[in-house]
file start.cif (mmCIF, N, CA and C atoms and all ligand atoms)
data_model
loop_
_atom_site.label_atom_id
_atom_site.label_comp_id
_atom_site.auth_asym_id
_atom_site.auth_seq_id
_atom_site.Cartn_x
_atom_site.Cartn_y
_atom_site.Cartn_z
N MET A 1 -4.75 -4.20 10.36
CA MET A 1 -4.12 -4.49 9.08
C MET A 1 -3.68 -5.95 9.04
N ILE A 2 -3.86 -6.57 7.89
CA ILE A 2 -3.42 -7.96 7.72
C ILE A 2 -2.47 -8.00 6.52
N LYS A 3 -1.36 -8.70 6.71
CA LYS A 3 -0.45 -8.87 5.59
C LYS A 3 -0.66 -10.25 5.00
N TYR A 4 -0.93 -10.30 3.71
CA TYR A 4 -1.06 -11.58 3.03
C TYR A 4 0.07 -11.76 2.04
N LYS A 5 0.51 -12.99 1.95
CA LYS A 5 1.42 -13.35 0.88
C LYS A 5 0.55 -13.74 -0.29
N LEU A 6 0.75 -13.05 -1.41
CA LEU A 6 -0.06 -13.34 -2.59
C LEU A 6 0.84 -13.93 -3.66
N VAL A 7 0.23 -14.77 -4.49
CA VAL A 7 1.01 -15.37 -5.56
C VAL A 7 0.29 -15.14 -6.89
N CYS A 8 1.07 -14.80 -7.91
CA CYS A 8 0.52 -14.62 -9.25
C CYS A 8 0.51 -15.97 -9.95
N LYS A 9 -0.69 -16.37 -10.42
CA LYS A 9 -0.83 -17.69 -11.05
C LYS A 9 -0.16 -17.73 -12.42
N ASP A 10 0.11 -16.56 -12.99
CA ASP A 10 0.72 -16.53 -14.33
C ASP A 10 2.24 -16.59 -14.31
N CYS A 11 2.85 -15.83 -13.42
CA CYS A 11 4.33 -15.81 -13.43
C CYS A 11 4.94 -16.29 -12.11
N ASN A 12 4.08 -16.74 -11.19
CA ASN A 12 4.55 -17.26 -9.90
C ASN A 12 5.26 -16.24 -9.02
N ASN A 13 5.09 -14.98 -9.35
CA ASN A 13 5.64 -13.94 -8.49
C ASN A 13 4.93 -13.98 -7.13
N ILE A 14 5.71 -13.97 -6.07
CA ILE A 14 5.12 -13.94 -4.73
C ILE A 14 5.41 -12.58 -4.11
N PHE A 15 4.38 -11.94 -3.60
CA PHE A 15 4.59 -10.62 -3.00
C PHE A 15 3.68 -10.44 -1.79
N ASP A 16 4.04 -9.49 -0.96
CA ASP A 16 3.26 -9.20 0.23
C ASP A 16 2.32 -8.04 -0.05
N SER A 17 1.14 -8.11 0.54
CA SER A 17 0.21 -7.00 0.39
C SER A 17 -0.56 -6.81 1.69
N TRP A 18 -0.84 -5.55 2.00
CA TRP A 18 -1.56 -5.23 3.24
C TRP A 18 -3.02 -4.98 2.96
N PHE A 19 -3.87 -5.49 3.85
CA PHE A 19 -5.31 -5.25 3.75
C PHE A 19 -5.82 -4.86 5.12
N SER A 20 -6.89 -4.08 5.14
CA SER A 20 -7.43 -3.67 6.44
C SER A 20 -8.11 -4.84 7.13
N SER A 21 -8.59 -5.81 6.33
CA SER A 21 -9.23 -6.99 6.90
C SER A 21 -9.26 -8.08 5.85
N SER A 22 -9.61 -9.31 6.27
CA SER A 22 -9.71 -10.39 5.30
C SER A 22 -10.88 -10.12 4.35
N LYS A 23 -11.89 -9.42 4.85
CA LYS A 23 -13.03 -9.05 4.01
C LYS A 23 -12.61 -8.14 2.88
N GLU A 24 -11.73 -7.20 3.22
CA GLU A 24 -11.27 -6.27 2.19
C GLU A 24 -10.52 -7.02 1.09
N TYR A 25 -9.69 -7.98 1.52
CA TYR A 25 -8.98 -8.81 0.53
C TYR A 25 -9.97 -9.49 -0.42
N GLU A 26 -11.03 -10.12 0.17
CA GLU A 26 -12.02 -10.83 -0.64
C GLU A 26 -12.71 -9.88 -1.62
N LYS A 27 -13.00 -8.68 -1.12
CA LYS A 27 -13.71 -7.69 -1.94
C LYS A 27 -12.84 -7.27 -3.13
N LEU A 28 -11.56 -6.96 -2.83
CA LEU A 28 -10.66 -6.50 -3.89
C LEU A 28 -10.42 -7.61 -4.91
N LYS A 29 -10.34 -8.84 -4.40
CA LYS A 29 -10.09 -9.98 -5.29
C LYS A 29 -11.29 -10.17 -6.23
N LYS A 30 -12.49 -10.08 -5.65
CA LYS A 30 -13.71 -10.26 -6.42
C LYS A 30 -13.82 -9.22 -7.53
N ARG A 31 -13.45 -7.99 -7.21
CA ARG A 31 -13.54 -6.92 -8.21
C ARG A 31 -12.33 -6.88 -9.12
N LYS A 32 -11.43 -7.84 -8.95
CA LYS A 32 -10.21 -7.93 -9.76
C LYS A 32 -9.33 -6.68 -9.63
N TYR A 33 -9.28 -6.15 -8.42
CA TYR A 33 -8.40 -5.01 -8.15
C TYR A 33 -6.98 -5.45 -7.80
N LEU A 34 -6.84 -6.75 -7.55
CA LEU A 34 -5.51 -7.25 -7.22
C LEU A 34 -4.79 -7.60 -8.51
N SER A 35 -3.58 -7.09 -8.66
CA SER A 35 -2.86 -7.42 -9.88
C SER A 35 -1.39 -7.65 -9.56
N CYS A 36 -0.76 -8.41 -10.44
CA CYS A 36 0.64 -8.77 -10.28
C CYS A 36 1.51 -7.58 -10.66
N HIS A 37 2.51 -7.29 -9.82
CA HIS A 37 3.39 -6.15 -10.07
C HIS A 37 4.26 -6.38 -11.30
N ILE A 38 4.48 -7.63 -11.62
CA ILE A 38 5.43 -7.95 -12.69
C ILE A 38 4.73 -8.09 -14.04
N CYS A 39 3.70 -8.94 -14.09
CA CYS A 39 3.08 -9.19 -15.39
C CYS A 39 1.66 -8.61 -15.49
N ASP A 40 1.19 -7.95 -14.42
CA ASP A 40 -0.11 -7.29 -14.42
C ASP A 40 -1.29 -8.25 -14.55
N SER A 41 -1.04 -9.53 -14.31
CA SER A 41 -2.12 -10.51 -14.34
C SER A 41 -3.07 -10.27 -13.18
N ARG A 42 -4.35 -10.60 -13.39
CA ARG A 42 -5.32 -10.48 -12.29
C ARG A 42 -5.55 -11.82 -11.60
N LYS A 43 -4.81 -12.85 -12.02
CA LYS A 43 -4.98 -14.17 -11.40
C LYS A 43 -4.14 -14.24 -10.13
N ILE A 44 -4.64 -13.59 -9.10
CA ILE A 44 -3.90 -13.50 -7.85
C ILE A 44 -4.58 -14.36 -6.79
N GLU A 45 -3.80 -15.16 -6.13
CA GLU A 45 -4.33 -15.99 -5.05
C GLU A 45 -3.49 -15.77 -3.80
N LYS A 46 -4.09 -16.11 -2.68
CA LYS A 46 -3.32 -16.10 -1.45
C LYS A 46 -2.34 -17.26 -1.50
N ALA A 47 -1.08 -16.98 -1.21
CA ALA A 47 -0.09 -18.05 -1.21
C ALA A 47 -0.33 -18.93 0.01
N LEU A 48 -0.15 -20.22 -0.19
CA LEU A 48 -0.32 -21.13 0.94
C LEU A 48 0.86 -20.96 1.88
N MET A 49 0.56 -20.90 3.12
CA MET A 49 1.65 -20.83 4.08
C MET A 49 1.26 -21.55 5.36
N ALA A 50 2.26 -21.87 6.12
CA ALA A 50 2.01 -22.56 7.38
C ALA A 50 1.19 -21.66 8.28
N PRO A 51 0.22 -22.22 8.96
CA PRO A 51 -0.56 -21.37 9.88
C PRO A 51 0.32 -20.85 11.00
N ASN A 52 0.00 -19.65 11.44
CA ASN A 52 0.74 -19.09 12.57
C ASN A 52 0.21 -19.68 13.85
N ILE A 53 1.06 -20.38 14.53
CA ILE A 53 0.62 -20.97 15.80
C ILE A 53 1.28 -20.21 16.94
N LEU A 54 0.45 -19.68 17.79
CA LEU A 54 0.96 -18.96 18.94
C LEU A 54 0.64 -19.77 20.18
N SER A 55 1.64 -20.42 20.70
CA SER A 55 1.41 -21.29 21.85
C SER A 55 1.34 -20.46 23.13
N ASN A 56 1.90 -19.30 23.04
CA ASN A 56 2.05 -18.49 24.25
C ASN A 56 1.13 -17.28 24.17
N SER A 57 0.24 -17.14 25.12
CA SER A 57 -0.74 -16.06 25.04
C SER A 57 -0.08 -14.69 25.20
N GLU A 58 1.03 -14.65 25.91
CA GLU A 58 1.75 -13.39 26.08
C GLU A 58 2.28 -12.91 24.72
N LEU A 59 2.80 -13.86 23.98
CA LEU A 59 3.31 -13.55 22.66
C LEU A 59 2.20 -12.95 21.81
N LYS A 60 1.04 -13.53 21.91
CA LYS A 60 -0.10 -13.06 21.14
C LYS A 60 -0.45 -11.61 21.47
N SER A 61 -0.50 -11.31 22.75
CA SER A 61 -0.85 -9.94 23.11
C SER A 61 0.23 -8.96 22.69
N LYS A 62 1.47 -9.41 22.70
CA LYS A 62 2.56 -8.57 22.19
C LYS A 62 2.35 -8.26 20.72
N GLU A 63 1.97 -9.29 19.99
CA GLU A 63 1.72 -9.11 18.56
C GLU A 63 0.60 -8.10 18.33
N ILE A 64 -0.46 -8.25 19.11
CA ILE A 64 -1.60 -7.36 18.97
C ILE A 64 -1.20 -5.93 19.28
N ASN A 65 -0.40 -5.77 20.34
CA ASN A 65 0.07 -4.43 20.67
C ASN A 65 0.90 -3.83 19.55
N LYS A 66 1.70 -4.67 18.93
CA LYS A 66 2.54 -4.22 17.83
C LYS A 66 1.66 -3.72 16.68
N ILE A 67 0.63 -4.49 16.39
CA ILE A 67 -0.28 -4.10 15.31
C ILE A 67 -0.95 -2.77 15.64
N LYS A 68 -1.37 -2.64 16.90
CA LYS A 68 -1.99 -1.39 17.33
C LYS A 68 -1.03 -0.22 17.17
N GLU A 69 0.22 -0.48 17.55
CA GLU A 69 1.25 0.55 17.46
C GLU A 69 1.44 0.99 16.01
N ILE A 70 1.52 -0.01 15.12
CA ILE A 70 1.71 0.29 13.70
C ILE A 70 0.53 1.09 13.18
N LYS A 71 -0.66 0.68 13.57
CA LYS A 71 -1.86 1.38 13.14
C LYS A 71 -1.86 2.83 13.60
N SER A 72 -1.49 3.04 14.85
CA SER A 72 -1.53 4.41 15.35
C SER A 72 -0.45 5.25 14.68
N LYS A 73 0.69 4.64 14.37
CA LYS A 73 1.74 5.35 13.62
C LYS A 73 1.24 5.73 12.24
N LEU A 74 0.56 4.77 11.60
CA LEU A 74 0.04 5.02 10.26
C LEU A 74 -0.98 6.16 10.29
N ARG A 75 -1.78 6.16 11.37
CA ARG A 75 -2.80 7.20 11.50
C ARG A 75 -2.16 8.57 11.69
N GLU A 76 -1.10 8.60 12.53
CA GLU A 76 -0.37 9.85 12.72
C GLU A 76 0.23 10.33 11.41
N PHE A 77 0.80 9.38 10.69
CA PHE A 77 1.44 9.69 9.43
C PHE A 77 0.42 10.25 8.44
N LYS A 78 -0.74 9.64 8.45
CA LYS A 78 -1.81 10.07 7.56
C LYS A 78 -2.23 11.51 7.90
N LYS A 79 -2.32 11.78 9.20
CA LYS A 79 -2.69 13.12 9.65
C LYS A 79 -1.65 14.13 9.19
N PHE A 80 -0.40 13.76 9.38
CA PHE A 80 0.70 14.62 8.97
C PHE A 80 0.61 14.92 7.47
N ILE A 81 0.39 13.86 6.70
CA ILE A 81 0.29 14.02 5.24
C ILE A 81 -0.86 14.96 4.89
N LYS A 82 -2.00 14.71 5.53
CA LYS A 82 -3.18 15.52 5.22
C LYS A 82 -2.94 16.99 5.53
N ASN A 83 -2.20 17.25 6.62
CA ASN A 83 -1.95 18.63 7.02
C ASN A 83 -0.89 19.33 6.18
N ASN A 84 0.04 18.55 5.65
CA ASN A 84 1.19 19.16 5.00
C ASN A 84 1.26 18.96 3.49
N PHE A 85 0.44 18.05 2.99
CA PHE A 85 0.53 17.74 1.57
C PHE A 85 -0.78 18.10 0.88
N LYS A 86 -0.67 18.38 -0.40
CA LYS A 86 -1.86 18.68 -1.16
C LYS A 86 -2.36 17.40 -1.81
N TYR A 87 -3.65 17.11 -1.65
CA TYR A 87 -4.21 15.90 -2.24
C TYR A 87 -4.49 16.10 -3.73
N VAL A 88 -3.95 15.25 -4.56
CA VAL A 88 -4.13 15.39 -6.00
C VAL A 88 -4.87 14.20 -6.61
N GLY A 89 -5.32 13.28 -5.77
CA GLY A 89 -6.12 12.14 -6.24
C GLY A 89 -5.43 11.34 -7.32
N GLU A 90 -6.20 11.06 -8.36
CA GLU A 90 -5.70 10.21 -9.46
C GLU A 90 -4.63 10.91 -10.29
N ASN A 91 -4.46 12.21 -10.10
CA ASN A 91 -3.48 12.96 -10.90
C ASN A 91 -2.07 12.89 -10.35
N PHE A 92 -1.85 11.96 -9.43
CA PHE A 92 -0.57 11.94 -8.73
C PHE A 92 0.63 11.94 -9.67
N ALA A 93 0.66 11.02 -10.64
CA ALA A 93 1.82 10.89 -11.52
C ALA A 93 2.05 12.18 -12.29
N HIS A 94 0.97 12.77 -12.80
CA HIS A 94 1.06 14.01 -13.56
C HIS A 94 1.62 15.14 -12.68
N GLU A 95 1.07 15.29 -11.49
CA GLU A 95 1.50 16.35 -10.57
C GLU A 95 2.95 16.15 -10.15
N ALA A 96 3.30 14.88 -9.88
CA ALA A 96 4.67 14.59 -9.44
C ALA A 96 5.66 15.02 -10.51
N ARG A 97 5.30 14.76 -11.78
CA ARG A 97 6.16 15.16 -12.88
C ARG A 97 6.26 16.67 -12.98
N SER A 98 5.12 17.34 -12.86
CA SER A 98 5.14 18.79 -13.05
C SER A 98 5.98 19.45 -11.96
N ILE A 99 5.97 18.87 -10.76
CA ILE A 99 6.81 19.41 -9.68
C ILE A 99 8.28 19.12 -9.97
N HIS A 100 8.53 17.90 -10.40
CA HIS A 100 9.90 17.48 -10.65
C HIS A 100 10.56 18.33 -11.74
N TYR A 101 9.81 18.67 -12.79
CA TYR A 101 10.40 19.36 -13.92
C TYR A 101 10.26 20.88 -13.85
N ASP A 102 9.56 21.37 -12.83
CA ASP A 102 9.41 22.82 -12.68
C ASP A 102 10.11 23.26 -11.40
N PRO A 103 11.26 23.93 -11.55
CA PRO A 103 12.05 24.31 -10.37
C PRO A 103 11.28 25.20 -9.41
N LYS A 104 10.30 25.94 -9.90
CA LYS A 104 9.54 26.83 -9.03
C LYS A 104 8.64 26.07 -8.06
N LYS A 105 8.31 24.84 -8.44
CA LYS A 105 7.39 24.05 -7.61
C LYS A 105 8.12 23.09 -6.68
N LYS A 106 9.43 23.18 -6.66
CA LYS A 106 10.26 22.20 -5.95
C LYS A 106 9.79 21.86 -4.53
N ASN A 107 9.27 22.83 -3.82
CA ASN A 107 8.94 22.57 -2.43
C ASN A 107 7.50 22.13 -2.19
N LYS A 108 6.80 21.93 -3.26
CA LYS A 108 5.42 21.51 -3.12
C LYS A 108 5.36 20.03 -2.76
N ALA A 109 4.53 19.69 -1.81
CA ALA A 109 4.38 18.29 -1.42
C ALA A 109 2.97 17.83 -1.76
N ILE A 110 2.88 16.67 -2.36
CA ILE A 110 1.56 16.17 -2.77
C ILE A 110 1.39 14.73 -2.34
N TYR A 111 0.15 14.29 -2.33
CA TYR A 111 -0.11 12.86 -2.17
C TYR A 111 -1.34 12.50 -3.00
N GLY A 112 -1.42 11.25 -3.36
CA GLY A 112 -2.54 10.84 -4.20
C GLY A 112 -2.38 9.39 -4.60
N LYS A 113 -3.15 9.02 -5.58
CA LYS A 113 -3.15 7.63 -6.01
C LYS A 113 -2.37 7.46 -7.30
N ALA A 114 -1.64 6.37 -7.39
CA ALA A 114 -0.93 6.07 -8.62
C ALA A 114 -0.90 4.57 -8.80
N SER A 115 -0.86 4.15 -10.03
CA SER A 115 -0.79 2.72 -10.30
C SER A 115 0.65 2.25 -10.18
N ARG A 116 0.82 0.97 -10.08
CA ARG A 116 2.13 0.34 -10.04
C ARG A 116 3.01 0.81 -11.22
N GLU A 117 2.42 0.86 -12.41
CA GLU A 117 3.17 1.25 -13.60
C GLU A 117 3.61 2.71 -13.51
N GLU A 118 2.71 3.55 -13.03
CA GLU A 118 3.04 4.97 -12.91
C GLU A 118 4.20 5.19 -11.94
N ILE A 119 4.16 4.43 -10.82
CA ILE A 119 5.23 4.53 -9.83
C ILE A 119 6.56 4.11 -10.46
N GLU A 120 6.51 3.02 -11.24
CA GLU A 120 7.72 2.54 -11.90
C GLU A 120 8.26 3.57 -12.88
N ASP A 121 7.38 4.18 -13.66
CA ASP A 121 7.78 5.20 -14.62
C ASP A 121 8.44 6.37 -13.91
N LEU A 122 7.81 6.80 -12.82
CA LEU A 122 8.35 7.94 -12.06
C LEU A 122 9.74 7.61 -11.53
N LYS A 123 9.88 6.39 -11.03
CA LYS A 123 11.16 5.95 -10.49
C LYS A 123 12.24 6.03 -11.56
N GLN A 124 11.88 5.57 -12.77
CA GLN A 124 12.85 5.58 -13.86
C GLN A 124 13.22 6.99 -14.28
N GLU A 125 12.33 7.92 -14.03
CA GLU A 125 12.64 9.33 -14.35
C GLU A 125 13.36 10.01 -13.20
N GLY A 126 13.63 9.26 -12.16
CA GLY A 126 14.37 9.81 -11.03
C GLY A 126 13.49 10.57 -10.05
N ILE A 127 12.18 10.32 -10.11
CA ILE A 127 11.26 10.98 -9.18
C ILE A 127 10.95 10.02 -8.05
N LYS A 128 11.33 10.42 -6.86
CA LYS A 128 11.19 9.53 -5.73
C LYS A 128 9.78 9.62 -5.14
N THR A 129 9.16 8.48 -4.95
CA THR A 129 7.84 8.46 -4.31
C THR A 129 7.88 7.46 -3.16
N GLU A 130 6.99 7.64 -2.24
CA GLU A 130 6.89 6.70 -1.12
C GLU A 130 5.49 6.09 -1.15
N GLU A 131 5.43 4.82 -0.82
CA GLU A 131 4.13 4.16 -0.77
C GLU A 131 3.88 3.68 0.65
N PHE A 132 2.65 3.75 1.08
CA PHE A 132 2.32 3.21 2.38
C PHE A 132 0.84 2.88 2.40
N PRO A 133 0.46 1.94 3.27
CA PRO A 133 -0.96 1.59 3.33
C PRO A 133 -1.75 2.74 3.94
N TRP A 134 -2.90 2.99 3.38
CA TRP A 134 -3.73 4.11 3.79
C TRP A 134 -4.91 3.58 4.60
N LEU A 135 -4.97 3.96 5.88
CA LEU A 135 -6.07 3.49 6.71
C LEU A 135 -7.30 4.34 6.45
N GLU A 136 -8.43 3.69 6.24
CA GLU A 136 -9.67 4.43 6.10
C GLU A 136 -10.06 5.00 7.46
N ASP A 137 -10.74 6.14 7.45
CA ASP A 137 -11.08 6.82 8.70
C ASP A 137 -11.98 5.98 9.60
N LYS A 138 -12.85 5.17 9.00
CA LYS A 138 -13.77 4.40 9.80
C LYS A 138 -13.09 3.22 10.51
N GLU A 139 -11.90 2.87 10.01
CA GLU A 139 -11.13 1.77 10.60
C GLU A 139 -10.68 2.11 12.03
N ASN A 140 -10.71 1.12 12.89
CA ASN A 140 -10.22 1.36 14.25
C ASN A 140 -8.78 0.94 14.41
ZN ZN B 1 2.62 -12.18 -12.59
#

call {"tool": "encode", "arguments": {"input": "start.cif", "output": "structure tokens"}}
result
Amino acid sequence: MIKYKLVCKDCNNIFDSWFSSSKEYEKLKKRKYLSCHICDSRKIEKALMAPNILSNSELKSKEINKIKEIKSKLREFKKFIKNNFKYVGENFAHEARSIHYDPKKKNKAIYGKASREEIEDLKQEGIKTEEFPWLEDKEN
């Protein structure tokens, strides 16, 4: 996983985003899948930042181990979700609402995809959601 600082060319909002690789970032950018959380602009660029200089090779291997650790945690988490939650795909916002407003469904757990706006709407309705980067199965 790579974390990039991205900047919106329209409103100068700077935010962090995770990608499985720099290639994935390029692909998403090309297809205009990257959008600003604030103004929904698609003019997203990588924010310029100082290069990371690692003078110490031990430090570098520590960093790599940390990334591996995070990845394996994410993978465990994904497994847990898959085993315990029902996948609802693009219907996430709809399903989340139906659970929230139907007391009989209170204990149902779901996961799926939702847009930034949908997450915001849910939040305003008092429906708590969690977001996390989803590792593709082919990823190591
Ligand atoms: Zn913006």

call {"tool": "residues_around", "arguments": {"input": "start.cif", "residues": "Thr129 of chain A", "least_positions_apart": "4", "cutoff": "8 Å", "atoms": "only N, CA and C atoms", "output": "PyMOL selection string"}}
result
chain A and resi 119+122-123

call {"tool": "closest_atom_pairs", "arguments": {"input": "start.cif", "of": "chain A", "to": "ligand ZN 1 (chain B)", "cutoff": "9 Å", "atoms": "only C-alpha atoms and all ligand atoms", "output": "tab-separated table"}}
result
residue	atom	partner	partner_atom	distance
A:Val7	CA	B:ZN1	ZN	7.9
A:Cys8	CA	B:ZN1	ZN	4.6
A:Lys9	CA	B:ZN1	ZN	6.7
A:Asp10	CA	B:ZN1	ZN	5.1
A:Cys11	CA	B:ZN1	ZN	4.1
A:Asn12	CA	B:ZN1	ZN	6.1
A:Asn13	CA	B:ZN1	ZN	5.4
A:Ile14	CA	B:ZN1	ZN	8.4
A:Ser35	CA	B:ZN1	ZN	7.7
A:Cys36	CA	B:ZN1	ZN	4.6
A:His37	CA	B:ZN1	ZN	6.6
A:Ile38	CA	B:ZN1	ZN	5.1
A:Cys39	CA	B:ZN1	ZN	4.1
A:Asp40	CA	B:ZN1	ZN	5.9
A:Ser41	CA	B:ZN1	ZN	5.3
A:Arg42	CA	B:ZN1	ZN	8.1
A:Lys43	CA	B:ZN1	ZN	7.9
A:Ile44	CA	B:ZN1	ZN	8.2

call {"tool": "atom_distance", "arguments": {"input": "start.cif", "atom1": "atom CA of Ser115 of chain A", "atom2": "atom CA of Tyr33 of chain A"}}
result
11.1 Å

call {"tool": "residues_near_point", "arguments": {"input": "start.cif", "point": "(-2.1, 19.3, -2.8)", "cutoff": "8 Å", "atoms": "only N, CA and C atoms", "output": "PyMOL selection string"}}
result
chain A and resi 84-89+108-111

call {"tool": "residues_around", "arguments": {"input": "start.cif", "residues": "Ile67 of chain A", "least_positions_apart": "6", "cutoff": "8 Å", "atoms": "only N, CA and C atoms", "output": "ChimeraX atom specification"}}
result
/A:1,61,73

call {"tool": "write_last_selection", "arguments": {"input": "start.cif", "atoms": "N, CA and C atoms", "output": "short mmCIF file (atom, residue, chain, number, x, y, z; two decimals), in the coordinates of the input"}}
result
data_model
loop_
_atom_site.label_atom_id
_atom_site.label_comp_id
_atom_site.auth_asym_id
_atom_site.auth_seq_id
_atom_site.Cartn_x
_atom_site.Cartn_y
_atom_site.Cartn_z
N MET A 1 -4.75 -4.20 10.36
CA MET A 1 -4.12 -4.49 9.08
C MET A 1 -3.68 -5.95 9.04
N SER A 61 -0.50 -11.31 22.75
CA SER A 61 -0.85 -9.94 23.11
C SER A 61 0.23 -8.96 22.69
N LYS A 73 0.69 4.64 14.37
CA LYS A 73 1.74 5.35 13.62
C LYS A 73 1.24 5.73 12.24
#

call {"tool": "residues_around", "arguments": {"input": "start.cif", "residues": "Ile127 of chain A", "least_positions_apart": "2", "cutoff": "10 Å", "atoms": "only C-alpha atoms", "output": "PyMOL selection string"}}
result
chain A and resi 93+96-97+99-101+119-125+129

call {"tool": "select_by_dssp", "arguments": {"input": "start.cif", "residues": "chain A", "states": "strand (DSSP E or B)", "output": "PyMOL selection string"}}
result
chain A and resi 2-8+14-19+44-46+86-89+110-112

call {"tool": "select_by_dssp", "arguments": {"input": "start.cif", "residues": "segment 5-132 of chain A", "states": "alpha helix (DSSP H)", "output": "NGL selection string"}}
result
:A and (22-30 or 57-84 or 92-101 or 116-124)

call {"tool": "atom_distance", "arguments": {"input": "start.cif", "atom1": "atom N of Ser21 of chain A", "atom2": "atom CA of Lys3 of chain A"}}
result
8.7 Å

call {"tool": "closest_residue", "arguments": {"input": "start.cif", "among": "A:Lys71, A:Lys46, A:Lys128, A:Lys113", "to": "Lys5 of chain A", "atoms": "only N, CA and C atoms"}}
result
A:Lys46

call {"tool": "atom_distance", "arguments": {"input": "start.cif", "atom1": "atom N of Leu74 of chain A", "atom2": "atom CA of Ile2 of chain A"}}
result
13.9 Å

call {"tool": "closest_residue", "arguments": {"input": "start.cif", "among": "A:Glu118, A:Asp16, A:Tyr4, A:Lys105", "to": "Phe92 of chain A", "atoms": "all atoms listed in the file"}}
result
A:Glu118

call {"tool": "closest_residue", "arguments": {"input": "start.cif", "among": "A:Ile81, A:Leu34, A:Ala114, A:Leu28", "to": "Phe15 of chain A", "atoms": "only C-alpha atoms"}}
result
A:Leu34
